[in-house]
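Read through the structure below, which is laid out as structure tokens, and then see the notes.
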Amino acid sequence: MVNIVRKILIVSFFMGLNSAIGLKASSIQEPVDYVNPYMGNISHLLVPTYPIVHLPNSMLRVYPQRGDYTSDKIHGLPLIQISHRGSFAFNLSPFQGNESELSRVINFDYDNEVTKPYHYQVDLCNQQLHVEFAPSRQSAIYHFNYKKNETPYLILNAGNGELEVIGNVISGYQNMWNNLRVYVYMEMDVKPTKIGTLQSDKWEVGKQKAKGDNTCVVVAWEAAPMSLNVRYGVSYISVEQAKKNLRREIKNYKLKDVATAGRKIWNDELGKIQVAGVRRMISLFFTPLYIVVWNVR
């Protein structure tokens, strides 16, 4: 780790030397405020870095599902990233509108995106829907602000797997590769008024379980603006273990509490090294360190 930090210092110094000339020292901020998750997101030869939202060395990691940094569409919302090269388990799509427009994964126009190591937020333009996200180590929480006076839906796609809806709980698994199976246990703070499955883009209302190659469940509420919080745990062992992970780490539906805890964890980790200088050079130090911490698992 010491050698890695030395290399980061050397590279950061030469990268930031020219751009730093003439810049004034910025106001005092905490280490995580200097991290730029978008740095290195475009690469013409190698696999780019991704704007990961996660805690240091944690199991649960996500980033916006899109072709690359320049893409104008987000392909649903992820629950957990399985590998560095972009494999995900599960896909979550909030939707408000006509039932005929439901699909297993919604492609969203987006704006006002803000990515921090411990928090993510975005506006889904065509849905007029605000989203926030904060992770813990094996669990996370989403907040959805449905603004239109139409039916709010929440779609969970598990690909090849199995999902079940009971009350305000969705649970199940997704099969990946080499016998790898990822489990999820998800709770909503508002109980749905309608549940069903989405097979071949046809919503079958009333069904509580879906299984197969196109596993997808849908829950819905009465047509109206609505605030919804969704918390979930993940596991590679069982649904019960995913539930235990959630209950251990996230005690309520307060996203701000989870984000505040995550911010402190990042500051404690990055703050082990003291750096002084102009903002650009400090950012060029802490951002690669954030990337290194992400990869050391």
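We name chains A, B, ... following the order of the structure tokens; residues begin at 1 in each chain, and ligands are numbered from 1 as shown.
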
Q: Pick out the residues sitting within 7 Å of segment 85-99 of chain A, and hand them over as a VMD selection string; count only C-alpha atoms, and ignore anything fewer than 4 positions along from it in its own chain.
A: chain A and resid 76 to 81 105 to 106 127 150 to 158 174 182

Just all heavy atoms for this one: save the residues we selected as a compact mmCIF listing (two decimals), in the first residue's frame.
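See again.txt below for the written result:
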```txt
# COMPACT_ATOMS: atom_id res chain seq x y z
N GLY A 76 -32.18 1.86 -16.33
CA GLY A 76 -32.62 1.44 -15.01
C GLY A 76 -31.62 1.84 -13.94
O GLY A 76 -30.70 2.63 -14.18
N LEU A 77 -31.78 1.29 -12.75
CA LEU A 77 -30.91 1.59 -11.62
C LEU A 77 -30.37 0.29 -11.04
O LEU A 77 -31.13 -0.67 -10.84
CB LEU A 77 -31.67 2.36 -10.54
CG LEU A 77 -32.25 3.72 -10.99
CD1 LEU A 77 -33.27 4.22 -9.98
CD2 LEU A 77 -31.15 4.74 -11.20
N PRO A 78 -29.09 0.21 -10.76
CA PRO A 78 -28.48 -1.05 -10.30
C PRO A 78 -28.68 -1.29 -8.81
O PRO A 78 -28.85 -0.35 -8.03
CB PRO A 78 -27.00 -0.84 -10.62
CG PRO A 78 -26.81 0.65 -10.46
CD PRO A 78 -28.09 1.28 -10.93
N LEU A 79 -28.61 -2.57 -8.41
CA LEU A 79 -28.61 -2.92 -6.99
C LEU A 79 -27.23 -3.32 -6.51
O LEU A 79 -26.85 -3.04 -5.38
CB LEU A 79 -29.60 -4.06 -6.71
CG LEU A 79 -31.09 -3.76 -6.88
CD1 LEU A 79 -31.91 -4.87 -6.23
CD2 LEU A 79 -31.49 -2.41 -6.32
N ILE A 80 -26.47 -4.03 -7.36
CA ILE A 80 -25.11 -4.41 -6.98
C ILE A 80 -24.30 -4.70 -8.24
O ILE A 80 -24.77 -5.35 -9.17
CB ILE A 80 -25.10 -5.63 -6.04
CG1 ILE A 80 -23.65 -6.02 -5.67
CG2 ILE A 80 -25.85 -6.81 -6.63
CD1 ILE A 80 -23.54 -7.10 -4.60
N GLN A 81 -23.07 -4.19 -8.25
CA GLN A 81 -22.13 -4.46 -9.33
C GLN A 81 -21.30 -5.68 -8.94
O GLN A 81 -20.75 -5.75 -7.85
CB GLN A 81 -21.22 -3.25 -9.54
CG GLN A 81 -20.14 -3.46 -10.58
CD GLN A 81 -19.03 -2.45 -10.47
OE1 GLN A 81 -19.10 -1.56 -9.62
NE2 GLN A 81 -18.00 -2.58 -11.28
N VAL A 105 -36.79 -3.15 -18.17
CA VAL A 105 -35.80 -2.12 -17.85
C VAL A 105 -36.20 -0.84 -18.56
O VAL A 105 -36.40 -0.85 -19.78
CB VAL A 105 -34.37 -2.54 -18.29
CG1 VAL A 105 -33.39 -1.40 -18.02
CG2 VAL A 105 -33.93 -3.80 -17.57
N ILE A 106 -36.34 0.25 -17.83
CA ILE A 106 -36.71 1.53 -18.40
C ILE A 106 -35.45 2.32 -18.74
O ILE A 106 -34.52 2.41 -17.92
CB ILE A 106 -37.58 2.35 -17.42
CG1 ILE A 106 -38.81 1.56 -16.98
CG2 ILE A 106 -37.99 3.68 -18.06
CD1 ILE A 106 -39.82 1.31 -18.06
N GLN A 127 -39.55 11.12 -16.65
CA GLN A 127 -40.46 10.69 -15.59
C GLN A 127 -40.75 11.79 -14.57
O GLN A 127 -41.60 11.62 -13.70
CB GLN A 127 -39.85 9.50 -14.85
CG GLN A 127 -39.88 8.20 -15.63
CD GLN A 127 -41.29 7.73 -15.86
OE1 GLN A 127 -42.04 7.52 -14.92
NE2 GLN A 127 -41.67 7.58 -17.12
N GLU A 150 -50.02 10.46 -11.52
CA GLU A 150 -50.28 9.23 -12.26
C GLU A 150 -49.85 8.04 -11.41
O GLU A 150 -49.25 8.21 -10.35
CB GLU A 150 -49.52 9.24 -13.59
CG GLU A 150 -49.92 10.36 -14.53
CD GLU A 150 -49.17 10.28 -15.85
OE1 GLU A 150 -49.27 9.24 -16.52
OE2 GLU A 150 -48.49 11.27 -16.20
N THR A 151 -50.15 6.82 -11.87
CA THR A 151 -49.85 5.61 -11.10
C THR A 151 -48.34 5.41 -10.95
O THR A 151 -47.63 5.32 -11.95
CB THR A 151 -50.45 4.37 -11.78
OG1 THR A 151 -51.85 4.53 -11.93
CG2 THR A 151 -50.16 3.12 -10.95
N PRO A 152 -47.82 5.33 -9.72
CA PRO A 152 -46.40 5.04 -9.50
C PRO A 152 -46.17 3.52 -9.56
O PRO A 152 -46.90 2.75 -8.93
CB PRO A 152 -46.13 5.59 -8.10
CG PRO A 152 -47.37 6.31 -7.68
CD PRO A 152 -48.48 5.70 -8.46
N TYR A 153 -45.15 3.12 -10.31
CA TYR A 153 -44.75 1.73 -10.39
C TYR A 153 -43.29 1.58 -9.93
O TYR A 153 -42.51 2.52 -10.02
CB TYR A 153 -44.84 1.21 -11.83
CG TYR A 153 -46.22 1.18 -12.42
CD1 TYR A 153 -46.71 2.27 -13.15
CD2 TYR A 153 -47.05 0.06 -12.29
CE1 TYR A 153 -47.97 2.25 -13.73
CE2 TYR A 153 -48.32 0.03 -12.86
CZ TYR A 153 -48.77 1.13 -13.59
OH TYR A 153 -50.02 1.11 -14.15
N LEU A 154 -42.95 0.37 -9.50
CA LEU A 154 -41.56 0.02 -9.25
C LEU A 154 -41.34 -1.36 -9.84
O LEU A 154 -42.04 -2.32 -9.51
CB LEU A 154 -41.25 0.01 -7.75
CG LEU A 154 -39.77 -0.07 -7.38
CD1 LEU A 154 -39.01 1.16 -7.89
CD2 LEU A 154 -39.59 -0.21 -5.87
N ILE A 155 -40.36 -1.45 -10.74
CA ILE A 155 -40.09 -2.69 -11.49
C ILE A 155 -38.74 -3.24 -11.03
O ILE A 155 -37.74 -2.53 -11.03
CB ILE A 155 -40.03 -2.41 -13.00
CG1 ILE A 155 -41.31 -1.71 -13.47
CG2 ILE A 155 -39.79 -3.70 -13.78
CD1 ILE A 155 -41.17 -1.01 -14.81
N LEU A 156 -38.72 -4.52 -10.65
CA LEU A 156 -37.46 -5.17 -10.29
C LEU A 156 -37.23 -6.33 -11.24
O LEU A 156 -38.03 -7.27 -11.31
CB LEU A 156 -37.48 -5.67 -8.84
CG LEU A 156 -36.18 -6.35 -8.37
CD1 LEU A 156 -34.99 -5.40 -8.47
CD2 LEU A 156 -36.32 -6.87 -6.94
N ASN A 157 -36.12 -6.26 -11.98
CA ASN A 157 -35.77 -7.27 -12.96
C ASN A 157 -34.61 -8.10 -12.45
O ASN A 157 -33.58 -7.55 -12.02
CB ASN A 157 -35.40 -6.58 -14.28
CG ASN A 157 -34.98 -7.55 -15.36
OD1 ASN A 157 -35.35 -8.72 -15.33
ND2 ASN A 157 -34.19 -7.08 -16.31
N ALA A 158 -34.74 -9.43 -12.47
CA ALA A 158 -33.69 -10.33 -11.98
C ALA A 158 -33.13 -11.22 -13.08
O ALA A 158 -32.39 -12.17 -12.78
CB ALA A 158 -34.21 -11.19 -10.83
N GLN A 174 -30.74 -13.92 -8.38
CA GLN A 174 -30.41 -13.89 -9.80
C GLN A 174 -29.20 -14.78 -10.03
O GLN A 174 -28.20 -14.72 -9.32
CB GLN A 174 -30.09 -12.47 -10.27
CG GLN A 174 -29.71 -12.40 -11.75
CD GLN A 174 -29.63 -10.99 -12.29
OE1 GLN A 174 -30.14 -10.05 -11.68
NE2 GLN A 174 -28.99 -10.82 -13.44
N VAL A 182 -26.78 -14.47 -6.71
CA VAL A 182 -26.85 -13.29 -5.84
C VAL A 182 -28.27 -13.18 -5.29
O VAL A 182 -29.25 -13.24 -6.05
CB VAL A 182 -26.48 -12.01 -6.60
CG1 VAL A 182 -26.40 -10.84 -5.62
CG2 VAL A 182 -25.16 -12.17 -7.34
```

Q: Give me the residues within 7 Å of segment 69-73 of chain A as a ChimeraX atom specification, counting only C-alpha atoms and dropping any in the same chain fewer than 6 places off.
A: /A:41-42,107-110

Those selected residues, please, written with N, CA, C and O atoms and delivered as a PDB file, in the first residue's frame.
```pdb
ATOM      1  N   ASN A  41     -13.296   8.523 -16.682  1.00  0.00           N
ATOM      2  CA  ASN A  41     -14.460   7.764 -17.139  1.00  0.00           C
ATOM      3  C   ASN A  41     -14.516   7.548 -18.649  1.00  0.00           C
ATOM      4  O   ASN A  41     -15.381   6.836 -19.146  1.00  0.00           O
ATOM      5  N   ILE A  42     -13.615   8.193 -19.401  1.00  0.00           N
ATOM      6  CA  ILE A  42     -13.552   7.991 -20.849  1.00  0.00           C
ATOM      7  C   ILE A  42     -12.158   7.479 -21.205  1.00  0.00           C
ATOM      8  O   ILE A  42     -11.151   8.079 -20.830  1.00  0.00           O
ATOM      9  N   ASN A 107     -35.396   2.880 -19.939  1.00  0.00           N
ATOM     10  CA  ASN A 107     -34.295   3.759 -20.332  1.00  0.00           C
ATOM     11  C   ASN A 107     -34.696   5.200 -20.037  1.00  0.00           C
ATOM     12  O   ASN A 107     -35.689   5.695 -20.576  1.00  0.00           O
ATOM     13  N   PHE A 108     -33.922   5.863 -19.195  1.00  0.00           N
ATOM     14  CA  PHE A 108     -34.279   7.198 -18.724  1.00  0.00           C
ATOM     15  C   PHE A 108     -33.385   8.278 -19.336  1.00  0.00           C
ATOM     16  O   PHE A 108     -32.163   8.112 -19.401  1.00  0.00           O
ATOM     17  N   ASP A 109     -33.985   9.391 -19.752  1.00  0.00           N
ATOM     18  CA  ASP A 109     -33.224  10.618 -19.925  1.00  0.00           C
ATOM     19  C   ASP A 109     -32.905  11.134 -18.526  1.00  0.00           C
ATOM     20  O   ASP A 109     -33.727  10.986 -17.605  1.00  0.00           O
ATOM     21  N   TYR A 110     -31.743  11.762 -18.333  1.00  0.00           N
ATOM     22  CA  TYR A 110     -31.395  12.177 -16.985  1.00  0.00           C
ATOM     23  C   TYR A 110     -30.682  13.522 -16.984  1.00  0.00           C
ATOM     24  O   TYR A 110     -30.118  13.962 -17.986  1.00  0.00           O
TER      25      TYR A 110
END
```

Q.
Can you pull out the residues contacting segment 185-199 of chain A? Cut-off 7 Å, using only C-alpha atoms, and skip same-chain residues under 2 positions away; I want them as an NGL selection string.
A. :A and (104 or 167-172 or 201-208 or 210 or 214 or 216-222 or 228-234 or 239 or 242-243)

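Minimum distance to Gly161 of chain A across A:Pro31, A:Pro288, A:Pro51, A:Gly212 (counting only C-alpha atoms) occurs at A:Gly212.
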
Q. Distance atom CA of Lys256 of chain A-atom CA of Pro117 of chain A, one decimal place?
A. 14.1 Å

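For segment 247-252 of chain A, the set of protein, DNA and RNA residues having any atom at most 7 Å away, when counting only C-alpha atoms and skipping those fewer than 3 positions along the same chain, is Ser136, Ser139, Lys243 and Lys244 of chain A.
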
Given the selection you just returned, output its residues as a file containing N, CA and C atoms, formatted as a compact mmCIF listing (two decimals), in the first residue's frame.
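Full text of result.txt as output:
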```txt
# COMPACT_ATOMS: atom_id res chain seq x y z
N SER A 136 -24.47 1.12 2.22
CA SER A 136 -23.69 0.62 3.35
C SER A 136 -22.79 -0.47 2.79
N SER A 139 -25.66 -3.54 2.10
CA SER A 139 -27.04 -3.07 1.96
C SER A 139 -27.01 -1.64 1.44
N LYS A 243 -31.32 -10.55 4.28
CA LYS A 243 -32.18 -9.87 5.26
C LYS A 243 -31.39 -9.49 6.50
N LYS A 244 -30.56 -10.41 6.98
CA LYS A 244 -29.74 -10.13 8.17
C LYS A 244 -28.76 -8.99 7.89
```

Q. Can you tell me how far atom CA of Gly159 of chain A sits from atom CA of Leu102 of chain A, in Å to one decimal?
A. 15.9 Å

Q: Run DSSP on the backbone and give me the residues of segment 43-155 of chain A it puts in strand (DSSP E), as a PyMOL selection string.
A: chain A and resi 53-54+61-62+73-75+77-81+88-96+107-116+119-124+129-135+139-146+152-155

Q.
If we count only C-alpha atoms and set the cut-off at 10 Å, which residues sit around Ile273 of chain A, ignoring sequence neighbours fewer than 4 positions away in its own chain? Please answer as a PyMOL selection string.
A. chain A and resi 5+31+268-269+286

Export of prior selection with N, CA, C and O atoms as a PDB file, in the first residue's frame:
```pdb
ATOM      1  N   VAL A   5       0.777   4.327  -2.746  1.00  0.00           N
ATOM      2  CA  VAL A   5       0.586   5.730  -2.374  1.00  0.00           C
ATOM      3  C   VAL A   5       1.709   6.587  -2.936  1.00  0.00           C
ATOM      4  O   VAL A   5       1.483   7.695  -3.432  1.00  0.00           O
ATOM      5  N   PRO A  31     -11.435  15.368   3.198  1.00  0.00           N
ATOM      6  CA  PRO A  31     -10.795  14.621   2.107  1.00  0.00           C
ATOM      7  C   PRO A  31     -11.747  14.125   1.025  1.00  0.00           C
ATOM      8  O   PRO A  31     -11.441  14.219  -0.168  1.00  0.00           O
ATOM      9  N   ASP A 268     -12.562   9.096   7.182  1.00  0.00           N
ATOM     10  CA  ASP A 268     -11.641   8.410   8.084  1.00  0.00           C
ATOM     11  C   ASP A 268     -10.577   7.650   7.291  1.00  0.00           C
ATOM     12  O   ASP A 268      -9.400   7.624   7.670  1.00  0.00           O
ATOM     13  N   GLU A 269     -11.004   7.035   6.168  1.00  0.00           N
ATOM     14  CA  GLU A 269     -10.069   6.241   5.366  1.00  0.00           C
ATOM     15  C   GLU A 269      -9.091   7.137   4.613  1.00  0.00           C
ATOM     16  O   GLU A 269      -7.877   6.941   4.663  1.00  0.00           O
ATOM     17  N   PHE A 286      -6.365  12.529  -4.079  1.00  0.00           N
ATOM     18  CA  PHE A 286      -7.400  11.749  -3.400  1.00  0.00           C
ATOM     19  C   PHE A 286      -8.248  10.919  -4.362  1.00  0.00           C
ATOM     20  O   PHE A 286      -8.734   9.854  -3.989  1.00  0.00           O
TER      21      PHE A 286
END
```

Q) Can you list, as a VMD selection string, every protein, DNA or RNA residue that comes within 9 Å of Glu240 of chain A when you count only C-alpha atoms, leaving out same-chain residues fewer than 5 positions away? A) chain A and resid 183 to 185 235 245

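Listed by chain and then by rising number, the residues of segment 15-215 of chain A that DSSP assigns to alpha helix (DSSP H) from the backbone are A:Met15, A:Gly16, A:Leu17, A:Asn18, A:Ser19, A:Ala20.
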
Next, dump the selected residues to file, keeping only N, CA, C and O atoms, as a PDB file, in the first residue's frame.
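In the end it all went to result_32.pdb:
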```pdb
ATOM      1  N   MET A  15       0.908  15.419 -13.007  1.00  0.00           N
ATOM      2  CA  MET A  15      -0.345  15.710 -13.702  1.00  0.00           C
ATOM      3  C   MET A  15      -0.884  17.074 -13.309  1.00  0.00           C
ATOM      4  O   MET A  15      -1.473  17.787 -14.110  1.00  0.00           O
ATOM      5  N   GLY A  16      -0.680  17.411 -12.053  1.00  0.00           N
ATOM      6  CA  GLY A  16      -1.286  18.636 -11.566  1.00  0.00           C
ATOM      7  C   GLY A  16      -0.408  19.858 -11.603  1.00  0.00           C
ATOM      8  O   GLY A  16      -0.882  20.973 -11.384  1.00  0.00           O
ATOM      9  N   LEU A  17       0.885  19.679 -11.924  1.00  0.00           N
ATOM     10  CA  LEU A  17       1.828  20.782 -11.845  1.00  0.00           C
ATOM     11  C   LEU A  17       1.430  21.937 -12.760  1.00  0.00           C
ATOM     12  O   LEU A  17       1.311  23.078 -12.320  1.00  0.00           O
ATOM     13  N   ASN A  18       1.201  21.637 -14.032  1.00  0.00           N
ATOM     14  CA  ASN A  18       0.882  22.699 -14.985  1.00  0.00           C
ATOM     15  C   ASN A  18      -0.479  23.319 -14.704  1.00  0.00           C
ATOM     16  O   ASN A  18      -0.649  24.536 -14.728  1.00  0.00           O
ATOM     17  N   SER A  19      -1.485  22.457 -14.455  1.00  0.00           N
ATOM     18  CA  SER A  19      -2.840  22.976 -14.250  1.00  0.00           C
ATOM     19  C   SER A  19      -2.962  23.733 -12.946  1.00  0.00           C
ATOM     20  O   SER A  19      -3.882  24.535 -12.765  1.00  0.00           O
ATOM     21  N   ALA A  20      -2.042  23.469 -11.998  1.00  0.00           N
ATOM     22  CA  ALA A  20      -2.143  24.095 -10.682  1.00  0.00           C
ATOM     23  C   ALA A  20      -1.554  25.492 -10.642  1.00  0.00           C
ATOM     24  O   ALA A  20      -1.855  26.272  -9.751  1.00  0.00           O
TER      25      ALA A  20
END
```
